[in-house]
Amino acid sequence: MVIIRAFEFIGTVVKHPLEEMGRILLLLYSTVKWFIKPPLEIRNITKQMVEIGVNSLPVVLITAVFTGMVLALQSYTGFKRFGAESLVGSVVALSMTRELGPVLTALIVTGRAGAAMAAELGTMRVTEQIDALETLATNPVKYLVVPRFISGVVMLPSLSVVADIIGIIGGYFVTVIIFEASSKQYMKMTWDYLEIQDIYNGLIKSCVFGAILSIISCYKGFYTKGGAEGVGKATTGAVVISSMAILIADYFLSAWLFK
Amino acid sequence: MIEIIGVHKSFNSHHILMGINLTINKGESVVVIGGSGSGKSVLLKHIIGLLKPDAGTVEVDGTDLSRLDENELNELRKKFGMLFQSAALFDSMTVWENIGFGLKRHRKLTDKEIKEIAVEKLKHVGLVGVEDVMPSELSGGMRKRVGLARAIAMEPEILLYDEPTTGLDPIMADAINNLIIEMREKLKITSVAITHDMKSAYKIADRIAMLYNGEIIETGTPDEIKNTQNPVVKQFIEGSAVGPIVLEGIRR
Ligand SMILES: Nc1ncnc2c1ncn2[C@@H]1O[C@H](COP(=O)(O)OP(=O)(O)O)[C@@H](O)[C@H]1O
Ligand SMILES: [Mg+2]
């Protein structure tokens, strides 16, 4: 009896997220299906690339530079205790390219562009604009979701590369200018231990994060219900679920890519 | 011709449509009346395939919508124009881009030609000089007119109107009614309108059908409906709070 109850409880707790995950995968499937079918919505894709990539750049830059700086600050003062401060350059370079560049960029873009996607599609849903698209013989997944998805997958790695470089420069600034360590040493440690594989794998993670945040945010917006309140909920949900999914995926991707 | 045969639709556990039967002949103007929340919009969305019936069929010119794949359905939709209750204009586009949306996607026309057609359609619905305005700057009545211009831009054979006069002042409402009549007479368009505005229904309908409790309980010409013996229909058209219709949430 107790066991059955327990299973029932687990069932009700697990059912909803599983159902939602299934529906997100269905949307992903039809996104890929409509992506393959020509023609591409070039105008919408360009617009979304600007929205996700260019307009996110300032926030990404500020986050990356301060992350690089604080990394250098913490590792320099910490490593000094055992005389390993020469390693700071590698710590910053490896952490930025393998982990923080991709993840922080993804989280920031989720907060900016992901929220905007959910709010925009959600508003279009509750004001029947998505229905109107269909009545005008236009598939809304192809017209709305595909451009956002493509932009997410393409722009995230691009932003991450910038974040990596800016983070390393931030670390350089703190190590060399503030702590007056050797500039040559910092650069040497950055390059010597950084492998092309690190950058490459970081970018693969970025692509996946871009896919995750755009499909989840579009899903939340696309299936919004219940007026203005529903749009608010969809937006919050998009940010929360995307962020969690990104962090969870990050662990498994890292375990797989950086063996 | 549109044939709706035994259509059922539920949302979650709410059974909204319970076996709708309704035939709309070519060139005819049918108005479906019914209370708020009775499922009028749901019914209208079935006609253009925005919603799929749980049971029953919707046939347009002999084709069963549920048998069409996505491309075929999109082809069929080019026969339709739909005016939404709150116009559903794309708020990221100007008025002329809204009107030209279907043309841009489905006809090989230059932007200049599309804009010319848009201006002409705007004139048709009595608007001049708003083509470059954003929809958010328009009043409710103007938005409806733009919505109508968008619906007729592709020269459809069938027009669907979701509460065309709701929320408008009486004069604007009458102007929209006249437009709907004009569409039918000039362009020979089949039209289906849903409304709870009886004045509008009498004016634009060849035939009126009443939706109540998920079924079409009566159909007839405006005169037949005015002289109905059905107490439910009588109460509705007279707009009386006293009668057999039970209003949700109101106790008497
Ligand atoms: N997509 C939907 N999901 C769930 N419920 C819906 C949906 N569309 C309509 N409904 C419900 O169906 C009922 C009828 O709605 P509707 O057709 O919009 O009424 P009206 O006659 O005022 O146009 C309402 O109770 C509404 O909440
Ligand atoms: Mg309605």
# chains A, B, ... in the order shown; residues from 1 in each chain; ligands from 1
>>> interface_residues(of="chain B", to="chain A", cutoff="7 Å", atoms="only C-alpha atoms", output="PyMOL selection string")
chain B and resi 50+74-75+77-78+82+88-90+102
>>> residues_near_ligand(ligand="ligand 1", cutoff="6 Å", atoms="only C-alpha atoms and all ligand atoms", output="mmCIF file with all heavy atoms, in the first residue's frame")
data_model
loop_
_atom_site.group_PDB
_atom_site.id
_atom_site.type_symbol
_atom_site.label_atom_id
_atom_site.label_comp_id
_atom_site.auth_asym_id
_atom_site.auth_seq_id
_atom_site.Cartn_x
_atom_site.Cartn_y
_atom_site.Cartn_z
ATOM 1 N N PHE B 11 -11.914 20.770 -24.499
ATOM 2 C CA PHE B 11 -10.629 21.239 -23.987
ATOM 3 C C PHE B 11 -10.516 20.724 -22.572
ATOM 4 O O PHE B 11 -11.380 21.002 -21.750
ATOM 5 C CB PHE B 11 -10.552 22.763 -23.994
ATOM 6 C CG PHE B 11 -10.482 23.334 -25.383
ATOM 7 C CD1 PHE B 11 -11.553 24.057 -25.886
ATOM 8 C CD2 PHE B 11 -9.377 23.143 -26.171
ATOM 9 C CE1 PHE B 11 -11.500 24.588 -27.155
ATOM 10 C CE2 PHE B 11 -9.312 23.675 -27.445
ATOM 11 C CZ PHE B 11 -10.375 24.404 -27.943
ATOM 12 N N ILE B 16 -16.959 21.501 -25.331
ATOM 13 C CA ILE B 16 -17.441 22.797 -25.842
ATOM 14 C C ILE B 16 -18.415 22.597 -27.006
ATOM 15 O O ILE B 16 -19.520 23.140 -27.006
ATOM 16 C CB ILE B 16 -16.257 23.676 -26.303
ATOM 17 C CG1 ILE B 16 -15.184 23.783 -25.213
ATOM 18 C CG2 ILE B 16 -16.751 25.042 -26.750
ATOM 19 C CD1 ILE B 16 -15.544 24.624 -24.036
ATOM 20 N N GLY B 35 -24.051 32.972 -26.871
ATOM 21 C CA GLY B 35 -23.518 33.748 -25.755
ATOM 22 C C GLY B 35 -22.001 33.724 -25.697
ATOM 23 O O GLY B 35 -21.361 32.944 -26.390
ATOM 24 N N SER B 36 -21.451 34.584 -24.865
ATOM 25 C CA SER B 36 -20.004 34.597 -24.671
ATOM 26 C C SER B 36 -19.564 33.269 -24.075
ATOM 27 O O SER B 36 -20.202 32.753 -23.166
ATOM 28 C CB SER B 36 -19.601 35.724 -23.723
ATOM 29 O OG SER B 36 -19.871 36.947 -24.337
ATOM 30 N N GLY B 37 -18.499 32.717 -24.595
ATOM 31 C CA GLY B 37 -17.983 31.457 -24.079
ATOM 32 C C GLY B 37 -18.755 30.241 -24.542
ATOM 33 O O GLY B 37 -18.518 29.131 -24.084
ATOM 34 N N SER B 38 -19.702 30.426 -25.487
ATOM 35 C CA SER B 38 -20.484 29.276 -25.946
ATOM 36 C C SER B 38 -19.714 28.452 -26.974
ATOM 37 O O SER B 38 -20.161 27.378 -27.365
ATOM 38 C CB SER B 38 -21.818 29.744 -26.529
ATOM 39 O OG SER B 38 -21.596 30.605 -27.620
ATOM 40 N N GLY B 39 -18.590 28.954 -27.435
ATOM 41 C CA GLY B 39 -17.776 28.171 -28.374
ATOM 42 C C GLY B 39 -17.860 28.659 -29.808
ATOM 43 O O GLY B 39 -17.514 27.928 -30.730
ATOM 44 N N LYS B 40 -18.275 29.906 -29.994
ATOM 45 C CA LYS B 40 -18.396 30.442 -31.349
ATOM 46 C C LYS B 40 -17.035 30.545 -32.030
ATOM 47 O O LYS B 40 -16.874 30.112 -33.172
ATOM 48 C CB LYS B 40 -19.051 31.849 -31.320
ATOM 49 C CG LYS B 40 -20.434 31.881 -30.696
ATOM 50 C CD LYS B 40 -21.068 33.251 -30.811
ATOM 51 C CE LYS B 40 -20.303 34.377 -30.114
ATOM 52 N NZ LYS B 40 -20.255 34.225 -28.650
ATOM 53 N N SER B 41 -16.059 31.106 -31.299
ATOM 54 C CA SER B 41 -14.720 31.228 -31.900
ATOM 55 C C SER B 41 -14.131 29.853 -32.177
ATOM 56 O O SER B 41 -13.483 29.637 -33.200
ATOM 57 C CB SER B 41 -13.790 32.001 -30.979
ATOM 58 O OG SER B 41 -14.264 33.304 -30.791
ATOM 59 N N VAL B 42 -14.378 28.924 -31.253
ATOM 60 C CA VAL B 42 -13.876 27.556 -31.441
ATOM 61 C C VAL B 42 -14.458 26.971 -32.721
ATOM 62 O O VAL B 42 -13.745 26.372 -33.532
ATOM 63 C CB VAL B 42 -14.225 26.684 -30.209
ATOM 64 C CG1 VAL B 42 -13.926 25.214 -30.485
ATOM 65 C CG2 VAL B 42 -13.446 27.162 -28.982
#
>>> closest_residue(among="B:Asp91, B:Glu113, B:Met154, B:Ile176", to="B:Glu137", atoms="only C-alpha atoms")
B:Asp91
>>> residues_around(residues="stretch 241-257 of chain A", least_positions_apart="2", cutoff="12 Å", atoms="only C-alpha atoms", output="PyMOL selection string")
chain A and resi 17+20-21+24+97-115+118+197-220+233-239+259
>>> residues_around(residues="A:Thr31", least_positions_apart="6", cutoff="9 Å", atoms="only C-alpha atoms", output="mmCIF file with N, CA, C and O atoms, in the first residue's frame")
data_model
loop_
_atom_site.group_PDB
_atom_site.id
_atom_site.type_symbol
_atom_site.label_atom_id
_atom_site.label_comp_id
_atom_site.auth_asym_id
_atom_site.auth_seq_id
_atom_site.Cartn_x
_atom_site.Cartn_y
_atom_site.Cartn_z
ATOM 1 N N VAL A 141 5.811 27.753 -37.070
ATOM 2 C CA VAL A 141 7.093 27.190 -36.617
ATOM 3 C C VAL A 141 8.192 27.639 -37.576
ATOM 4 O O VAL A 141 9.258 28.094 -37.165
ATOM 5 N N LYS A 142 7.916 27.537 -38.865
ATOM 6 C CA LYS A 142 8.920 27.934 -39.840
ATOM 7 C C LYS A 142 9.187 29.441 -39.769
ATOM 8 O O LYS A 142 10.330 29.878 -39.848
ATOM 9 N N VAL A 145 9.809 30.127 -35.135
ATOM 10 C CA VAL A 145 10.706 29.334 -34.283
ATOM 11 C C VAL A 145 12.039 29.045 -34.986
ATOM 12 O O VAL A 145 13.105 29.213 -34.394
ATOM 13 N N VAL A 146 11.977 28.633 -36.259
ATOM 14 C CA VAL A 146 13.211 28.274 -36.968
ATOM 15 C C VAL A 146 14.244 29.414 -36.957
ATOM 16 O O VAL A 146 15.406 29.182 -36.609
ATOM 17 N N PHE A 149 15.802 29.663 -33.546
ATOM 18 C CA PHE A 149 16.626 28.487 -33.252
ATOM 19 C C PHE A 149 17.984 28.583 -33.964
ATOM 20 O O PHE A 149 19.041 28.424 -33.335
ATOM 21 N N ILE A 215 15.057 26.758 -28.036
ATOM 22 C CA ILE A 215 13.895 25.889 -28.209
ATOM 23 C C ILE A 215 12.994 25.962 -26.977
ATOM 24 O O ILE A 215 11.762 25.990 -27.090
#
